[in-house]
file protein.txt (compact mmCIF, C-alpha atoms)
# COMPACT_ATOMS: atom_id res chain seq x y z
CA MET A 15 14.67 13.05 -19.97
CA THR A 16 13.90 16.59 -21.12
CA ALA A 17 13.11 19.37 -18.62
CA ASP A 18 9.46 19.35 -19.70
CA HIS A 19 9.14 15.61 -19.22
CA ARG A 20 10.77 15.86 -15.85
CA ALA A 21 8.38 18.62 -14.72
CA ALA A 22 5.46 16.51 -15.96
CA LEU A 23 6.68 13.46 -14.07
CA GLU A 24 7.21 15.42 -10.86
CA ASP A 25 3.75 16.96 -11.08
CA LEU A 26 2.22 13.48 -11.47
CA LEU A 27 4.25 12.10 -8.54
CA PHE A 28 3.25 14.98 -6.26
CA ARG A 29 -0.44 14.48 -7.10
CA MET A 30 -0.22 10.78 -6.30
CA ALA A 31 1.96 11.09 -3.20
CA ASP A 32 -0.12 13.89 -1.70
CA ASP A 33 -3.37 12.01 -2.40
CA ALA A 34 -1.96 8.93 -0.64
CA LEU A 35 -0.62 10.91 2.32
CA ILE A 36 -3.75 12.95 2.96
CA TYR A 37 -6.12 10.06 2.28
CA GLY A 38 -4.02 7.83 4.54
CA HIS A 39 -4.18 10.43 7.29
CA ARG A 40 -7.96 10.74 6.97
CA ASN A 41 -8.29 6.95 7.17
CA SER A 42 -6.13 6.85 10.28
CA GLU A 43 -8.68 9.11 11.99
CA TRP A 44 -10.94 6.02 12.25
CA THR A 45 -8.42 4.19 14.41
CA GLY A 46 -10.22 3.56 17.67
CA LEU A 47 -13.46 5.08 16.43
CA ALA A 48 -14.83 2.90 13.63
CA PRO A 49 -18.27 1.33 14.21
CA ILE A 50 -16.97 -2.23 14.68
CA LEU A 51 -13.55 -3.61 15.57
CA GLU A 52 -12.92 -5.25 12.17
CA GLU A 53 -13.55 -1.93 10.44
CA ASP A 54 -11.29 -0.14 12.86
CA ILE A 55 -8.52 -2.56 11.88
CA ALA A 56 -9.39 -2.33 8.18
CA PHE A 57 -9.23 1.47 8.02
CA SER A 58 -6.06 1.51 10.12
CA SER A 59 -4.43 -1.07 7.83
CA ILE A 60 -5.46 0.76 4.69
CA ALA A 61 -4.09 3.97 6.22
CA GLN A 62 -0.78 2.22 6.80
CA ASP A 63 -0.70 0.94 3.21
CA LYS A 64 -1.45 4.43 1.87
CA LEU A 65 1.30 6.03 3.94
CA GLY A 66 3.63 3.35 2.55
CA HIS A 67 2.61 4.32 -0.98
CA ALA A 68 3.11 8.01 -0.17
CA LEU A 69 6.56 7.28 1.22
CA ALA A 70 7.56 5.27 -1.86
CA LEU A 71 6.32 8.07 -4.15
CA TYR A 72 8.13 10.79 -2.16
CA HIS A 73 11.27 8.64 -2.43
CA LEU A 74 10.90 8.73 -6.23
CA LEU A 75 10.71 12.54 -5.96
CA THR A 76 13.79 12.60 -3.74
CA ASP A 77 15.63 10.51 -6.35
CA LEU A 78 14.75 13.22 -8.89
CA GLY A 79 16.52 15.85 -6.78
CA ASN A 80 13.78 16.94 -4.36
CA PRO A 81 14.23 17.05 -0.56
CA ASP A 82 13.86 13.89 1.52
CA PRO A 83 10.39 12.37 2.10
CA ASP A 84 9.92 13.78 5.63
CA THR A 85 10.69 17.30 4.42
CA LEU A 86 8.23 16.90 1.55
CA ALA A 87 5.50 15.46 3.75
CA PHE A 88 5.84 17.71 6.78
CA THR A 89 7.23 21.10 5.76
CA ARG A 90 5.35 22.17 2.66
CA ASP A 91 2.61 24.80 2.73
CA GLU A 92 -0.96 24.04 1.82
CA GLN A 93 -0.50 25.75 -1.58
CA GLN A 94 2.34 23.35 -2.40
CA PHE A 95 0.13 20.28 -1.97
CA ARG A 96 -1.29 18.75 -5.15
CA CYS A 97 -3.93 16.44 -3.64
CA CYS A 98 -7.53 16.48 -4.88
CA HIS A 99 -10.32 17.84 -2.70
CA LEU A 100 -11.90 14.38 -2.27
CA VAL A 101 -9.15 13.20 0.08
CA GLU A 102 -9.23 16.39 2.17
CA LEU A 103 -12.83 16.15 3.32
CA PRO A 104 -13.31 15.35 6.99
CA THR A 105 -15.57 12.34 7.60
CA GLN A 106 -17.68 12.09 10.70
CA ASP A 107 -20.14 9.86 8.86
CA TYR A 108 -19.03 6.30 8.19
CA ALA A 109 -21.16 6.16 5.06
CA VAL A 110 -19.09 9.02 3.62
CA ALA A 111 -15.87 7.28 4.60
CA LEU A 112 -16.92 4.04 2.87
CA MET A 113 -18.24 5.74 -0.26
CA ARG A 114 -15.10 7.88 -0.60
CA HIS A 115 -13.02 4.74 -0.09
CA ALA A 116 -14.72 3.08 -3.08
CA LEU A 117 -14.62 6.15 -5.34
CA PHE A 118 -10.97 6.88 -4.55
CA ASP A 119 -9.58 3.36 -4.56
CA TYR A 120 -11.09 2.39 -7.91
CA ALA A 121 -9.28 5.45 -9.31
CA GLU A 122 -6.07 4.35 -7.56
CA GLN A 123 -6.38 0.83 -8.93
CA ASN A 124 -6.83 2.08 -12.48
CA ARG A 125 -4.10 4.71 -12.18
CA TYR A 126 -1.53 2.17 -11.02
CA ALA A 127 -2.69 -0.33 -13.65
CA LEU A 128 -1.99 2.28 -16.37
CA LEU A 129 1.36 3.10 -14.76
CA GLU A 130 2.52 -0.53 -14.94
CA GLN A 131 3.24 0.31 -18.60
CA SER A 132 5.01 3.60 -17.80
CA THR A 133 8.32 4.25 -19.54
CA TYR A 134 9.59 5.61 -16.21
CA GLN A 135 10.77 2.28 -14.81
CA PRO A 136 10.87 3.13 -11.08
CA LEU A 137 7.22 4.16 -11.26
CA ALA A 138 6.26 1.10 -13.32
CA GLU A 139 7.93 -1.16 -10.75
CA LEU A 140 6.16 0.52 -7.87
CA ALA A 141 2.85 0.20 -9.74
CA ARG A 142 3.35 -3.55 -10.14
CA LYS A 143 4.28 -3.77 -6.49
CA VAL A 144 1.17 -2.08 -5.08
CA ARG A 145 -1.26 -3.98 -7.34
CA GLY A 146 -1.90 -6.71 -4.75
CA GLU A 147 -2.39 -4.28 -1.88
CA ILE A 148 -4.92 -2.18 -3.75
CA LYS A 149 -6.88 -5.30 -4.66
CA TYR A 150 -7.61 -5.68 -0.95
CA HIS A 151 -8.64 -2.05 -0.64
CA VAL A 152 -11.05 -2.33 -3.55
CA PHE A 153 -12.32 -5.70 -2.28
CA HIS A 154 -13.09 -4.12 1.09
CA ALA A 155 -14.81 -1.08 -0.41
CA SER A 156 -16.94 -2.99 -2.92
CA THR A 157 -18.02 -5.52 -0.26
CA TRP A 158 -19.40 -2.72 1.95
CA LEU A 159 -21.01 -0.93 -0.97
CA ARG A 160 -23.06 -4.06 -1.62
CA LEU A 161 -23.71 -4.86 2.05
CA LEU A 162 -25.10 -1.39 2.69
CA GLY A 163 -26.77 -1.06 -0.74
CA ASN A 164 -29.04 -3.81 -2.12
CA GLU A 165 -28.22 -6.11 0.76
CA GLY A 166 -28.71 -3.42 3.42
CA THR A 167 -31.58 -1.59 5.08
CA ASP A 168 -33.57 1.47 4.02
CA GLU A 169 -31.46 3.57 6.33
CA SER A 170 -28.12 2.23 5.08
CA ARG A 171 -29.18 2.75 1.45
CA MET A 172 -30.35 6.27 2.17
CA ARG A 173 -27.15 7.25 3.97
CA MET A 174 -24.88 5.70 1.35
CA GLN A 175 -26.86 7.37 -1.46
CA ALA A 176 -26.57 10.75 0.28
CA ALA A 177 -22.82 10.18 0.62
CA LEU A 178 -22.56 9.32 -3.07
CA ASP A 179 -24.52 12.42 -4.12
CA MET A 180 -22.34 14.64 -1.95
CA LEU A 181 -19.04 13.05 -3.04
CA LEU A 182 -19.47 12.72 -6.82
CA PRO A 183 -18.25 16.25 -7.72
CA TYR A 184 -15.21 15.70 -5.52
CA ALA A 185 -14.56 12.26 -7.01
CA LEU A 186 -14.56 13.76 -10.51
CA GLY A 187 -12.02 16.28 -9.21
CA ILE A 188 -9.50 13.41 -8.96
CA PHE A 189 -9.17 13.69 -12.74
CA GLU A 190 -8.44 17.42 -12.96
CA PRO A 191 -6.37 17.74 -16.15
CA SER A 192 -2.68 18.37 -15.73
CA PRO A 193 -0.93 21.18 -17.63
CA TYR A 194 1.46 18.43 -18.71
CA GLU A 195 -0.99 15.95 -20.28
CA GLN A 196 0.75 16.10 -23.65
CA GLU A 197 4.24 15.68 -22.19
CA LEU A 198 3.11 12.72 -20.08
CA ARG A 199 1.62 11.02 -23.13
CA SER A 200 4.43 11.77 -25.56
CA ALA A 201 7.04 10.47 -23.13
CA GLY A 202 4.95 7.37 -22.41
CA ILE A 203 4.91 8.17 -18.68
CA PHE A 204 1.14 8.17 -18.23
CA PRO A 205 -1.76 8.15 -20.72
CA GLY A 206 -3.55 11.00 -18.93
CA GLU A 207 -6.38 11.91 -16.57
CA GLU A 208 -9.15 11.68 -19.17
CA GLU A 209 -8.31 8.09 -20.04
CA LEU A 210 -8.08 7.29 -16.34
CA LYS A 211 -11.53 8.82 -15.77
CA GLN A 212 -13.06 6.71 -18.54
CA ARG A 213 -11.62 3.53 -17.05
CA TRP A 214 -12.80 4.52 -13.60
CA LEU A 215 -16.32 5.10 -14.90
CA GLU A 216 -16.30 1.65 -16.52
CA ASP A 217 -15.67 0.22 -13.05
CA VAL A 218 -17.72 2.37 -10.69
CA VAL A 219 -20.88 2.92 -12.74
CA PRO A 220 -21.78 -0.80 -13.06
CA LEU A 221 -20.70 -1.45 -9.47
CA LEU A 222 -22.85 1.36 -8.04
CA GLU A 223 -25.86 0.53 -10.21
CA SER A 224 -25.72 -3.19 -9.43
CA ALA A 225 -25.45 -2.38 -5.72
CA GLY A 226 -28.68 -0.37 -5.95
CA TYR A 227 -27.52 3.25 -6.06
CA ARG A 228 -28.84 5.97 -8.35
CA LEU A 229 -26.36 7.87 -10.48
CA PRO A 230 -27.04 11.23 -12.12
CA ALA A 231 -25.73 11.82 -15.64
CA ILE A 232 -22.00 12.22 -15.05
CA GLU A 233 -21.62 15.02 -17.60
CA THR A 234 -24.08 17.20 -15.65
CA ILE A 235 -21.83 17.24 -12.57
CA GLU A 236 -19.41 20.12 -12.06
CA PRO A 237 -16.11 18.55 -10.88
CA ALA A 238 -14.38 20.05 -7.83
CA TYR A 239 -11.14 21.21 -9.42
CA GLY A 240 -8.30 23.26 -7.96
CA GLY A 241 -6.49 20.82 -5.70
CA ARG A 242 -4.01 19.85 -8.40
CA ARG A 243 -3.02 23.54 -8.71
CA GLY A 244 -2.70 24.20 -4.99
CA TYR A 245 -6.20 25.61 -4.35
CA HIS A 246 -7.70 23.57 -1.56
CA THR A 247 -10.78 23.26 0.62
CA GLU A 248 -10.83 24.89 4.04
CA HIS A 249 -10.20 21.43 5.50
CA LEU A 250 -6.64 20.85 4.29
CA GLN A 251 -4.80 23.44 6.39
CA PRO A 252 -6.14 22.19 9.76
CA LEU A 253 -5.28 18.64 8.68
CA ILE A 254 -1.70 19.64 7.83
CA GLU A 255 -1.35 21.44 11.16
CA GLU A 256 -2.51 18.40 13.06
CA MET A 257 -0.44 15.96 10.98
CA THR A 258 2.77 17.95 11.46
CA VAL A 259 2.37 19.05 15.08
CA VAL A 260 4.82 16.51 16.51
CA PHE A 261 7.31 17.03 13.69
CA ARG A 262 7.28 20.81 14.23
CA ILE A 263 8.07 20.50 17.95
CA ASP A 264 11.57 19.31 17.04
CA PRO A 265 12.23 18.98 13.29
CA ASP A 266 15.73 17.59 13.85
CA ALA A 267 14.70 14.85 16.28
CA GLU A 268 15.89 11.32 15.55
CA TRP A 269 12.97 8.88 15.78
CA MET W 19 43.75 -12.47 13.49
CA GLN W 20 44.21 -10.53 10.27
CA SER W 21 45.55 -13.46 8.26
CA GLY W 22 42.83 -15.69 9.68
CA SER W 23 40.21 -13.25 8.49
CA MET W 24 41.72 -13.17 5.04
CA GLU W 25 41.58 -16.92 4.82
CA GLN W 26 37.94 -16.98 5.87
CA THR W 27 37.15 -14.28 3.33
CA ALA W 28 38.70 -16.28 0.54
CA HIS W 29 36.39 -19.17 1.34
CA LEU W 30 33.22 -17.23 1.93
CA THR W 31 30.51 -18.81 -0.19
CA ASP W 32 26.91 -17.97 -1.07
CA ALA W 33 25.85 -20.90 1.09
CA ASP W 34 27.57 -19.36 4.15
CA VAL W 35 25.69 -16.12 3.61
CA TRP W 36 22.34 -17.85 3.03
CA GLN W 37 22.86 -19.71 6.27
CA ALA W 38 23.57 -16.44 8.10
CA LEU W 39 20.48 -14.84 6.54
CA ALA W 40 18.41 -17.67 8.01
CA ASP W 41 19.30 -16.18 11.43
CA VAL W 42 17.52 -12.93 10.52
CA HIS W 43 13.88 -13.03 11.56
CA ASP W 44 10.74 -11.10 10.82
CA PRO W 45 10.13 -8.90 13.88
CA GLU W 46 6.36 -9.33 13.44
CA ILE W 47 6.50 -13.15 13.34
CA PRO W 48 9.85 -13.84 15.02
CA ALA W 49 9.87 -17.59 14.31
CA LEU W 50 9.92 -16.87 10.59
CA SER W 51 13.26 -16.17 8.93
CA ILE W 52 13.61 -13.79 6.02
CA VAL W 53 14.82 -16.74 3.92
CA ASP W 54 11.59 -18.62 4.70
CA MET W 55 9.64 -15.51 3.78
CA GLY W 56 11.34 -15.34 0.41
CA ILE W 57 12.15 -11.64 0.62
CA VAL W 58 15.80 -12.09 -0.40
CA THR W 59 15.84 -11.82 -4.18
CA LYS W 60 19.54 -11.46 -4.96
CA LEU W 61 22.85 -12.17 -3.33
CA ASP W 62 26.31 -11.07 -4.49
CA VAL W 63 29.19 -12.40 -2.46
CA SER W 64 32.81 -11.51 -3.12
CA ALA W 65 35.92 -11.46 -0.96
CA GLU W 66 35.42 -7.73 -0.40
CA ARG W 67 31.71 -7.23 -0.08
CA ILE W 68 28.31 -8.78 0.31
CA THR W 69 25.31 -7.22 -1.42
CA VAL W 70 21.88 -8.49 -0.45
CA THR W 71 18.78 -7.38 -2.33
CA ILE W 72 15.45 -7.71 -0.58
CA THR W 73 11.92 -7.00 -1.75
CA PRO W 74 9.37 -5.60 0.72
CA THR W 75 6.28 -7.64 1.55
CA PHE W 76 3.96 -4.62 1.79
CA VAL W 77 5.21 -1.18 0.69
CA GLY W 78 4.26 0.28 4.08
CA CYS W 79 5.69 -2.58 6.15
CA PRO W 80 7.24 -0.96 9.25
CA ALA W 81 9.47 -3.99 9.85
CA LEU W 82 11.59 -3.26 6.79
CA GLU W 83 14.09 -0.87 8.39
CA MET W 84 14.61 -3.25 11.29
CA ILE W 85 15.15 -6.18 8.92
CA LYS W 86 17.72 -4.17 6.93
CA GLN W 87 19.57 -3.30 10.10
CA THR W 88 19.54 -6.87 11.39
CA ILE W 89 20.86 -8.20 8.08
CA THR W 90 23.70 -5.67 8.15
CA GLU W 91 24.59 -6.57 11.73
CA ARG W 92 24.52 -10.32 11.11
CA LEU W 93 26.55 -10.19 7.88
CA SER W 94 29.09 -7.80 9.39
CA GLU W 95 30.29 -10.80 11.37
CA PHE W 96 31.90 -11.98 8.14
CA PRO W 97 35.33 -10.44 7.49
CA VAL W 98 34.33 -8.41 4.46
CA LYS W 99 34.87 -4.68 3.97
CA GLU W 100 31.32 -3.82 3.16
CA VAL W 101 27.80 -5.15 3.58
CA GLU W 102 25.12 -3.51 1.52
CA VAL W 103 21.39 -4.15 1.78
CA ARG W 104 19.39 -2.93 -1.19
CA VAL W 105 15.63 -2.70 -1.31
CA ASP W 106 13.91 -2.76 -4.65
CA TYR W 107 10.66 -3.78 -6.28
CA THR W 108 12.21 -5.38 -9.38
CA THR W 109 11.02 -8.77 -8.17
CA PRO W 110 7.68 -8.00 -6.47
CA TRP W 111 7.11 -10.18 -3.42
CA THR W 112 4.20 -12.59 -3.42
CA THR W 113 3.22 -15.11 -0.77
CA ASN W 114 4.06 -17.87 -3.27
CA ARG W 115 7.68 -17.09 -2.30
CA LEU W 116 7.14 -18.46 1.23
CA THR W 117 9.09 -21.72 1.56
CA GLU W 118 7.60 -25.04 2.74
CA GLN W 119 9.55 -24.62 5.95
CA GLY W 120 8.06 -21.15 6.38
CA ARG W 121 4.57 -22.57 5.89
CA ALA W 122 5.26 -25.24 8.52
CA VAL W 123 6.43 -22.54 10.95
CA LEU W 124 3.22 -20.57 10.36
CA ARG W 125 1.04 -23.63 11.00
CA SER W 126 2.94 -24.42 14.20
CA LEU W 127 2.15 -20.89 15.42
CA GLY W 128 -1.56 -21.22 14.70
CA PHE W 129 -1.52 -19.21 11.45
CA ALA W 130 -3.05 -20.59 8.29
CA PRO W 131 -0.42 -20.35 5.55
CA PRO W 132 -1.42 -18.38 2.45
CA PRO W 133 -2.94 -20.48 -0.33
CA ARG W 134 -0.73 -20.84 -3.38
CA PHE W 135 -2.15 -19.37 -6.56
CA GLU W 136 -1.41 -19.40 -10.27
CA GLY W 137 -0.94 -16.11 -12.10
CA GLU W 138 -2.96 -13.28 -10.53
CA PHE W 139 -4.61 -13.80 -7.17
CA GLU W 140 -8.17 -12.68 -6.62
CA PRO W 141 -9.16 -11.50 -3.14
CA ALA W 142 -12.05 -14.03 -3.27
CA ILE W 143 -9.52 -16.82 -2.55
CA LEU W 144 -9.40 -15.30 0.93
CA LEU W 145 -12.82 -16.81 1.54
CA ASN W 146 -11.33 -20.32 1.70
CA ALA W 147 -9.09 -20.93 4.69
CA SER W 148 -8.50 -24.08 6.71
CA CYS W 149 -8.52 -23.76 10.47
CA PRO W 150 -4.96 -24.31 11.74
CA HIS W 151 -6.36 -25.63 15.05
CA CYS W 152 -8.77 -28.37 13.90
CA GLY W 153 -8.27 -28.51 10.14
CA SER W 154 -11.89 -27.65 9.33
CA THR W 155 -12.65 -25.82 6.11
CA ASN W 156 -15.95 -24.57 7.59
CA THR W 157 -14.55 -21.12 8.35
CA THR W 158 -15.70 -17.51 7.99
CA LEU W 159 -13.59 -14.54 6.97
CA ARG W 160 -14.16 -11.86 9.60
CA SER W 161 -11.89 -9.24 8.05
CA PRO W 162 -9.38 -9.17 5.19
CA PHE W 163 -7.29 -6.95 7.47
CA GLY W 164 -5.61 -8.00 10.71
CA PRO W 165 -3.15 -7.00 13.40
CA ALA W 166 -0.38 -6.68 10.80
CA LEU W 167 -0.64 -5.73 7.13
CA CYS W 168 0.01 -9.33 6.06
CA ARG W 169 -2.71 -10.99 8.15
CA ALA W 170 -6.47 -11.60 7.84
CA ILE W 171 -8.88 -12.64 10.62
CA TYR W 172 -11.15 -15.73 10.58
CA LEU W 173 -13.50 -17.68 12.78
CA CYS W 174 -13.67 -21.49 12.67
CA ASN W 175 -17.33 -22.58 12.72
CA ASP W 176 -16.42 -26.05 14.01
CA CYS W 177 -13.95 -25.49 16.86
CA HIS W 178 -15.14 -21.89 17.41
CA GLN W 179 -11.61 -20.54 17.59
CA ALA W 180 -10.52 -17.33 15.97
CA PHE W 181 -7.42 -17.65 13.81
CA GLU W 182 -5.38 -15.64 11.37
CA GLN W 183 -4.25 -16.38 7.86
CA PHE W 184 -1.07 -14.99 6.37
CA LYS W 185 -2.95 -13.48 3.47
CA PRO W 186 -2.15 -14.14 -0.18
CA LEU W 187 -0.48 -11.29 -2.04
call {"tool": "encode", "arguments": {"input": "protein.txt", "output": "structure tokens"}}
result
Amino acid sequence: MTADHRAALEDLLFRMADDALIYGHRNSEWTGLAPILEEDIAFSSIAQDKLGHALALYHLLTDLGNPDPDTLAFTRDEQQFRCCHLVELPTQDYAVALMRHALFDYAEQNRYALLEQSTYQPLAELARKVRGEIKYHVFHASTWLRLLGNEGTDESRMRMQAALDMLLPYALGIFEPSPYEQELRSAGIFPGEEELKQRWLEDVVPLLESAGYRLPAIETIEPAYGGRRGYHTEHLQPLIEEMTVVFRIDPDAEW
Amino acid sequence: MQSGSMEQTAHLTDADVWQALADVHDPEIPALSIVDMGIVTKLDVSAERITVTITPTFVGCPALEMIKQTITERLSEFPVKEVEVRVDYTTPWTTNRLTEQGRAVLRSLGFAPPPRFEGEFEPAILLNASCPHCGSTNTTLRSPFGPALCRAIYLCNDCHQAFEQFKPL
């Protein structure tokens, strides 16, 4: 692998791992607080799956010569994170949590599906491995989108629609182009963010429309970019501080 | 003692190691052995070393480290120089790998075993589960997620008992 290809691969892995870690942490905030018990368990389980994915991705980075997964997860500064803004947003509203879940996990499903063909074998194997888990995440998200859309009440539709309107610019920020798009394609590692976005749209547009939501013209929306370059919302730093508070008390502790 | 060990080593077979692996159990469902779960994908046994390859059920399964450690401890009872437990995704785990004996164990514990599927599973197959208490198929999926990553929660509409299914993956 050339140095350029390696840098491209690492950038992709950091985006994915940081998305999974931060999104997993946000989901874990519903543990004990979700509106019904089954949803409490669902969000906690999905959080656990996402942390598993983050761990596996950080391991791939460690294998490429980076520090161990705990060091990567718990000691980097905000500016070193490559997650998108969508996963950073705090959610006090369950409608926002469910809508983000759908928008994010359809992107995850498509990203991993593309990566099953990656020439970087460890990533292709991981992608095949997580396929089944993400099916459950998407199944859960799409079920609730329908239940609270066409099959819901005026209030549920209104709150889910407001969540969708608020989240769309952030969701498009998932696909912020990488400076390494060409390297990723030429090495056969990943076909790129634009192709991923097109596939995502082919999934989410029909799903949202059939569930009774209104979508503005996608091209009129300004995507929330910056996360992939280390520029984050004001919400990431407090999250990192909370997530790492126990680790920082005694970084050398054996758990 | 030393010569005895050497003799045992010379005769150590795959079957001996498989039998020992059947003593290693899933900490989340302790009646289920890792052999019944089908997570052992490769075994290399020589006079010097044993290498076991396992494939995780779920990537985030917290039981994995404990299972690795228990395998190492159990196999270290054999007089070999080294026991290595490798974890890889080369053979992705699916619930189709659960043995018949494993399925029987699940039923005896009140879990519905995962339905077998051809090719790709669709989450919609979750909607059909037989109640392990009364056998009824008149059941409702309450949540595709349960108390462990591998379990889903149901209600039987006939005997009115809640039950869990080891969910297909």
call {"tool": "closest_residue", "arguments": {"input": "protein.txt", "among": "A:Asp54, A:Glu165, A:Glu256, A:Glu197", "to": "Glu24 in chain A", "atoms": "all atoms listed in the file"}}
result
A:Glu197
call {"tool": "residues_around", "arguments": {"input": "protein.txt", "residues": "Gly206 in chain A", "least_positions_apart": "6", "cutoff": "7 Å", "atoms": "all atoms listed in the file", "output": "PyMOL selection string"}}
result
chain A and resi 195+198-199
call {"tool": "residues_around", "arguments": {"input": "protein.txt", "residues": "Thr112 in chain W", "least_positions_apart": "4", "cutoff": "10 Å", "atoms": "all atoms listed in the file", "output": "PyMOL selection string"}}
result
(chain A and resi 143+146) or (chain W and resi 55-57+73-76+116+132+134-135+139+185-187)
call {"tool": "closest_atom_pairs", "arguments": {"input": "protein.txt", "of": "chain W", "to": "chain A", "cutoff": "10 Å", "atoms": "all atoms listed in the file", "output": "CSV"}}
result
residue,atom,partner,partner_atom,distance
W:Thr73,CA,A:Lys143,CA,9.6
W:Pro74,CA,A:Lys143,CA,9.0
W:Thr75,CA,A:Lys143,CA,9.1
W:Phe76,CA,A:Glu147,CA,7.3
W:Val77,CA,A:Gly66,CA,5.1
W:Gly78,CA,A:Gly66,CA,3.5
W:Cys79,CA,A:Gly66,CA,7.2
W:Pro80,CA,A:Gly66,CA,8.7
W:Asp106,CA,A:Glu139,CA,8.7
W:Tyr107,CA,A:Glu139,CA,5.9
W:Thr108,CA,A:Glu139,CA,6.2
W:Thr109,CA,A:Lys143,CA,8.6
W:Pro110,CA,A:Lys143,CA,5.4
W:Trp111,CA,A:Lys143,CA,7.6
W:Thr112,CA,A:Gly146,CA,8.6
W:Glu138,CA,A:Gly146,CA,8.8
W:Phe139,CA,A:Gly146,CA,8.0
W:Glu140,CA,A:Lys149,CA,7.7
W:Pro141,CA,A:Tyr150,CA,6.4
W:Ala142,CA,A:Phe153,CA,8.4
W:Leu144,CA,A:Tyr150,CA,10.0
W:Arg160,CA,A:Glu52,CA,7.2
W:Ser161,CA,A:Glu52,CA,5.8
W:Pro162,CA,A:Tyr150,CA,7.3
W:Phe163,CA,A:Ala56,CA,5.1
W:Gly164,CA,A:Ile55,CA,6.3
W:Pro165,CA,A:Ile55,CA,7.1
W:Ala166,CA,A:Ser59,CA,7.5
W:Leu167,CA,A:Ser59,CA,6.0
W:Cys168,CA,A:Ser59,CA,9.5
W:Ala170,CA,A:Ala56,CA,9.7
W:Ile171,CA,A:Glu52,CA,8.6
W:Pro186,CA,A:Gly146,CA,8.7
W:Leu187,CA,A:Gly146,CA,5.5
call {"tool": "write_last_selection", "arguments": {"input": "protein.txt", "atoms": "C-alpha atoms", "output": "PDB file, in the coordinates of the input"}}
result
ATOM      1  CA  THR W  73      11.920  -7.000  -1.750  1.00  0.00           C
ATOM      2  CA  PRO W  74       9.370  -5.600   0.720  1.00  0.00           C
ATOM      3  CA  THR W  75       6.280  -7.640   1.550  1.00  0.00           C
ATOM      4  CA  PHE W  76       3.960  -4.620   1.790  1.00  0.00           C
ATOM      5  CA  VAL W  77       5.210  -1.180   0.690  1.00  0.00           C
ATOM      6  CA  GLY W  78       4.260   0.280   4.080  1.00  0.00           C
ATOM      7  CA  CYS W  79       5.690  -2.580   6.150  1.00  0.00           C
ATOM      8  CA  PRO W  80       7.240  -0.960   9.250  1.00  0.00           C
ATOM      9  CA  ASP W 106      13.910  -2.760  -4.650  1.00  0.00           C
ATOM     10  CA  TYR W 107      10.660  -3.780  -6.280  1.00  0.00           C
ATOM     11  CA  THR W 108      12.210  -5.380  -9.380  1.00  0.00           C
ATOM     12  CA  THR W 109      11.020  -8.770  -8.170  1.00  0.00           C
ATOM     13  CA  PRO W 110       7.680  -8.000  -6.470  1.00  0.00           C
ATOM     14  CA  TRP W 111       7.110 -10.180  -3.420  1.00  0.00           C
ATOM     15  CA  THR W 112       4.200 -12.590  -3.420  1.00  0.00           C
ATOM     16  CA  GLU W 138      -2.960 -13.280 -10.530  1.00  0.00           C
ATOM     17  CA  PHE W 139      -4.610 -13.800  -7.170  1.00  0.00           C
ATOM     18  CA  GLU W 140      -8.170 -12.680  -6.620  1.00  0.00           C
ATOM     19  CA  PRO W 141      -9.160 -11.500  -3.140  1.00  0.00           C
ATOM     20  CA  ALA W 142     -12.050 -14.030  -3.270  1.00  0.00           C
ATOM     21  CA  LEU W 144      -9.400 -15.300   0.930  1.00  0.00           C
ATOM     22  CA  ARG W 160     -14.160 -11.860   9.600  1.00  0.00           C
ATOM     23  CA  SER W 161     -11.890  -9.240   8.050  1.00  0.00           C
ATOM     24  CA  PRO W 162      -9.380  -9.170   5.190  1.00  0.00           C
ATOM     25  CA  PHE W 163      -7.290  -6.950   7.470  1.00  0.00           C
ATOM     26  CA  GLY W 164      -5.610  -8.000  10.710  1.00  0.00           C
ATOM     27  CA  PRO W 165      -3.150  -7.000  13.400  1.00  0.00           C
ATOM     28  CA  ALA W 166      -0.380  -6.680  10.800  1.00  0.00           C
ATOM     29  CA  LEU W 167      -0.640  -5.730   7.130  1.00  0.00           C
ATOM     30  CA  CYS W 168       0.010  -9.330   6.060  1.00  0.00           C
ATOM     31  CA  ALA W 170      -6.470 -11.600   7.840  1.00  0.00           C
ATOM     32  CA  ILE W 171      -8.880 -12.640  10.620  1.00  0.00           C
ATOM     33  CA  PRO W 186      -2.150 -14.140  -0.180  1.00  0.00           C
ATOM     34  CA  LEU W 187      -0.480 -11.290  -2.040  1.00  0.00           C
TER      35      LEU W 187
END
call {"tool": "residues_around", "arguments": {"input": "protein.txt", "residues": "range 94-97 of chain A", "least_positions_apart": "4", "cutoff": "12 Å", "atoms": "only C-alpha atoms", "output": "ChimeraX atom specification"}}
result
/A:24-38,68,86-90,101-103,118,184-185,187-190,192,238-247,250-251,254
call {"tool": "axis_aligned_box", "arguments": {"input": "protein.txt", "around": "range 174-187 of chain A", "padding_each_side": "5 Å", "output": "JSON"}}
result
{"center_x": -19.4, "center_y": 11.0, "center_z": -4.6, "size_x": 24.8, "size_y": 20.6, "size_z": 21.9}
call {"tool": "closest_residue", "arguments": {"input": "protein.txt", "among": "W:Leu61, W:Leu82, W:Ile89, W:Ala49", "to": "Arg121 in chain W", "atoms": "only C-alpha atoms"}}
result
W:Ala49
call {"tool": "atom_distance", "arguments": {"input": "protein.txt", "atom1": "CA of Ala177 in chain A", "atom2": "CA of Tyr227 in chain A"}}
result
10.7 Å
call {"tool": "residues_around", "arguments": {"input": "protein.txt", "residues": "Glu91 in chain W", "least_positions_apart": "3", "cutoff": "12 Å", "atoms": "all atoms listed in the file", "output": "MDAnalysis selection string"}}
result
chainID W and resid 38:39 41:42 84:88 94:96 100:103
call {"tool": "atom_distance", "arguments": {"input": "protein.txt", "atom1": "CA of Pro191 in chain A", "atom2": "CA of Leu129 in chain A"}}
result
16.6 Å
